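J.: Encoded as structure tokens, here's the structure I'll be asking about.
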Amino acid sequence: MNSKSEKVTTIGTYDGVHIGHQKILKQVVALAKKQGYVPVVLTLFPHPRMVLQKDDSIKLLNTIEERIELLKSLGIEEVVVKKFTKDFANLSAQDYVKQILVDELNSKHIVIGYDHHFGKNRSANITDLKAFANLYDFKVEEISAQDLKDVTVSSTKIRTALNSGEVDLANSYLGYNFFITGTVVKGKELGRTIDFPTANINVTATYKLIPSDGVYVVKSIIENKIVFGMMNIGTNPTVDGKTRSIEVHFFNFNQDIYNAELKIEFLKRLRSEQKYENLEALKMQLQKDMTNASNYIQTLNA
Ligand SMILES: Cc1cc2nc3c(=O)[nH]c(=O)nc-3n(C[C@H](O)[C@H](O)[C@H](O)COP(=O)(O)O)c2cc1C
Ligand SMILES: Nc1ncnc2c1ncn2[C@@H]1O[C@H](COP(=O)(O)OP(=O)(O)O)[C@@H](O)[C@H]1O
């Protein structure tokens, strides 16, 4: 695509691309369509806190690849990922507007929240942006306090919900099922010995938020087929595990899927991870989990 085409641009982290974000993005897509412009999201990565405070503990709802895919699925045609470096953080508000929004992107219309701050030390606000709009010939669309308030959702609330295992609450805020993406790797090869083979999922993005330890009903698509399963996140105390793993036993499934890339959706939390007497006791619990999971899955089609 010609990067000089005229754009409607919105700016933000958009972590989660939740129902609040979706409302703004719909406006951006509609405005672009009406004016014959290209709808664009300018997003920053890594997260400013990862760079400015060197904060490695921050966890995001989406990897940058997942964020791009979600934004595109909503009709955003170009996602411009700006590497958030110290140099970028030091751009003055005017240089940022002129160099990036105007010269680089050719933004004709900029959509931002009433409380958005930008430029070095977040010194400029929407009033400043409107002044630059006259200077550089673009329009500004302000998302009002009321519009933002109408959506009581925030990325922080979703992170908090997932950190306490409340996936159904998180899913209702997201407007889709929270998911992780990862590769199937070898585990201890114990699963098959208790008739519950488990695909061990390796999530490479260290900044991706993983829901709290416990057992969940999950869904995936493997070779174009919907497959349900039950996932455990935890350290496997029954077998004296030391490291945290993410593993899924898929139902009605019997295939070697080592190295497969899977997207796995979280549907419901079943219980906490526990230490059992022995593998036999764990196996009995897994049979109960499977019954509980199947009962839940049946309610989905009812
Ligand atoms: C749905 C599910 C629930 C599980 N719950 C527990 C649990 O509560 N406690 C535990 O120690 N391990 C639990 N496990 C993990 C098993 O210990 C693990 O699957 C087994 O050790 C096999 O590991 P492997 O796949 O690395 O061979 C669970 C696994 C699954 C799939
Ligand atoms: N129903 C199933 N759910 C998950 N994995 C399965 C299933 N059936 C076969 N497999 C395969 O078996 C592997 C898991 O076997 P397991 O004995 O638990 O070994 P590992 O410890 O390497 O995960 C999976 O990675 C997958 O390739």
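Quick note on naming: the chains in the structure tokens go A, B, ... in the order shown, residues restart at 1 in each chain, and ligands are numbered from 1 in order of appearance.
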Do you have, as a tab-separated table, the list of residues of chain A lying at most 9 Å from ligand 2, each with its nearest atom pair and that distance in Å to one decimal, counting only C-alpha atoms and all ligand atoms and ordered by chain then number?

T.:
residue	atom	partner	partner_atom_place_in_ligand_line	distance
A:Val184	CA	ligand 2	25 (O)	5.9
A:Val185	CA	ligand 2	25 (O)	6.4
A:Lys186	CA	ligand 2	22 (O)	3.6
A:Gly187	CA	ligand 2	21 (O)	3.2
A:Lys188	CA	ligand 2	21 (O)	3.9
A:Glu189	CA	ligand 2	21 (O)	3.1
A:Leu190	CA	ligand 2	17 (O)	4.9
A:Gly191	CA	ligand 2	18 (O)	3.5
A:Arg192	CA	ligand 2	17 (O)	3.6
A:Thr193	CA	ligand 2	17 (O)	6.5
A:Ile194	CA	ligand 2	17 (O)	8.4
A:Asp195	CA	ligand 2	17 (O)	8.2
A:Phe196	CA	ligand 2	18 (O)	6.6
A:Pro197	CA	ligand 2	18 (O)	3.6
A:Thr198	CA	ligand 2	18 (O)	3.9
A:Ala199	CA	ligand 2	25 (O)	3.7
A:Asn200	CA	ligand 2	23 (O)	5.1
A:Ile201	CA	ligand 2	25 (O)	8.5
A:Gly229	CA	ligand 2	3 (N)	7.5
A:Met230	CA	ligand 2	3 (N)	8.9
A:Glu247	CA	ligand 2	23 (O)	7.4
A:Val248	CA	ligand 2	4 (C)	5.7
A:His249	CA	ligand 2	3 (N)	3.8
A:Phe250	CA	ligand 2	3 (N)	3.9
A:Phe251	CA	ligand 2	1 (N)	5.5
A:Asn252	CA	ligand 2	1 (N)	6.3
A:Phe253	CA	ligand 2	1 (N)	4.3
A:Asn254	CA	ligand 2	8 (N)	3.6
A:Gln255	CA	ligand 2	9 (C)	4.4
A:Asp256	CA	ligand 2	27 (O)	3.5
A:Ile257	CA	ligand 2	27 (O)	3.7
A:Tyr258	CA	ligand 2	27 (O)	4.6
A:Asn259	CA	ligand 2	27 (O)	8.2
A:Ala260	CA	ligand 2	27 (O)	8.5

J.: According to DSSP computed on the backbone, where in segment 101-189 of chain A is there helix (DSSP H, G or I)? Give the residues as a ChimeraX atom specification.

T.: /A:101-104,120-122,126-136,145-150,155-163,167-174

J.: Using Å and a single decimal, report how far atom CA of Lys108 of chain A sits from atom CA of Lys7 of chain A.

T.: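 Interatomic distance here is 5.6 Å.
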
J.: I'd like the neighbourhood of Phe138 of chain A as a ChimeraX atom specification, where a residue qualifies if any of its atoms comes within 12 Å (using only C-alpha atoms), though same-chain residues fewer than 3 positions away should be ignored.

T.: /A:6-9,97-98,101-103,105-111,129-135,141

J.: Take the residues just selected and output them with C-alpha atoms as a compact mmCIF listing (two decimals), in the first residue's frame.

T.:
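Listing of result_3.txt after writing:
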# COMPACT_ATOMS: atom_id res chain seq x y z
CA GLU A 6 -4.41 9.91 3.03
CA LYS A 7 -5.12 8.49 6.45
CA VAL A 8 -7.47 8.58 9.37
CA THR A 9 -5.12 7.85 12.23
CA VAL A 97 3.15 15.55 14.93
CA LYS A 98 5.07 16.95 11.95
CA LEU A 101 1.67 11.98 11.85
CA VAL A 102 1.97 14.43 8.96
CA ASP A 103 5.09 13.71 6.87
CA LEU A 105 1.74 8.96 7.55
CA ASN A 106 -0.05 11.79 5.73
CA SER A 107 -2.78 11.84 8.39
CA LYS A 108 -5.77 13.97 7.35
CA HIS A 109 -7.89 13.11 10.33
CA ILE A 110 -6.68 12.18 13.82
CA VAL A 111 -8.96 10.47 16.31
CA LEU A 129 -3.12 18.94 18.72
CA LYS A 130 -5.92 21.20 17.49
CA ALA A 131 -3.41 24.05 17.10
CA PHE A 132 -1.13 21.78 15.06
CA ALA A 133 -4.17 20.75 13.01
CA ASN A 134 -4.51 24.31 11.66
CA LEU A 135 -0.82 24.51 10.95
CA GLU A 141 -11.87 14.07 16.23

J.: Considering only C-alpha atoms, return as a ChimeraX atom specification whatever protein or nucleic-acid residues lie within 10 Å of Ile297 of chain A, sequence-local ones (same chain, fewer than 6 positions apart) excluded.

T.: /A:217-219,228-229,267-268,291

J.: Selection from above, C-alpha atoms, as a PDB file, in the first residue's frame, can you write it?

T.:
ATOM      1  CA  VAL A 217     -11.803 -25.393  29.677  1.00  0.00           C
ATOM      2  CA  VAL A 218     -10.240 -24.350  26.368  1.00  0.00           C
ATOM      3  CA  LYS A 219     -10.882 -24.415  22.649  1.00  0.00           C
ATOM      4  CA  PHE A 228     -12.105 -28.579  22.954  1.00  0.00           C
ATOM      5  CA  GLY A 229      -9.872 -29.541  25.828  1.00  0.00           C
ATOM      6  CA  LEU A 267     -13.559 -20.471  28.078  1.00  0.00           C
ATOM      7  CA  LYS A 268     -13.939 -21.213  31.787  1.00  0.00           C
ATOM      8  CA  THR A 291     -16.836 -34.607  33.005  1.00  0.00           C
TER       9      THR A 291
END

J.: Give me the residues near segment 16-18 of chain A as an NGL selection string, where near means some atom within 7 Å (using only C-alpha atoms) and where sequence neighbours in that chain fewer than 4 positions away do not count.

T.: :A and (22 or 61-62 or 70 or 155 or 173-175)

J.: Using only C-alpha atoms, which of A:Gln285, A:Gln27, A:Glu104, A:Tyr136 sits nearest Lys4 of chain A?

T.: A:Glu104

J.: For each of A:Leu44, A:Val227, A:Gly113, A:Ser92, take the minimum atom-to-atom distance to Asp147 of chain A, counting only C-alpha atoms, then give the residue where this is smallest.

T.: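 Using only C-alpha atoms, Asp147 of chain A sits closest to A:Gly113.
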
J.: For Pro46 of chain A, find every residue with an atom within 9 Å (counting only C-alpha atoms), except residues of its own chain fewer than 2 positions away, and show them as a list in words.

T.: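 Surrounding residues, per the criterion: Leu44, Pro48, Arg49, Met50, Val51, Ile64, Lys82, Lys83, Phe84 and Thr85 of chain A.
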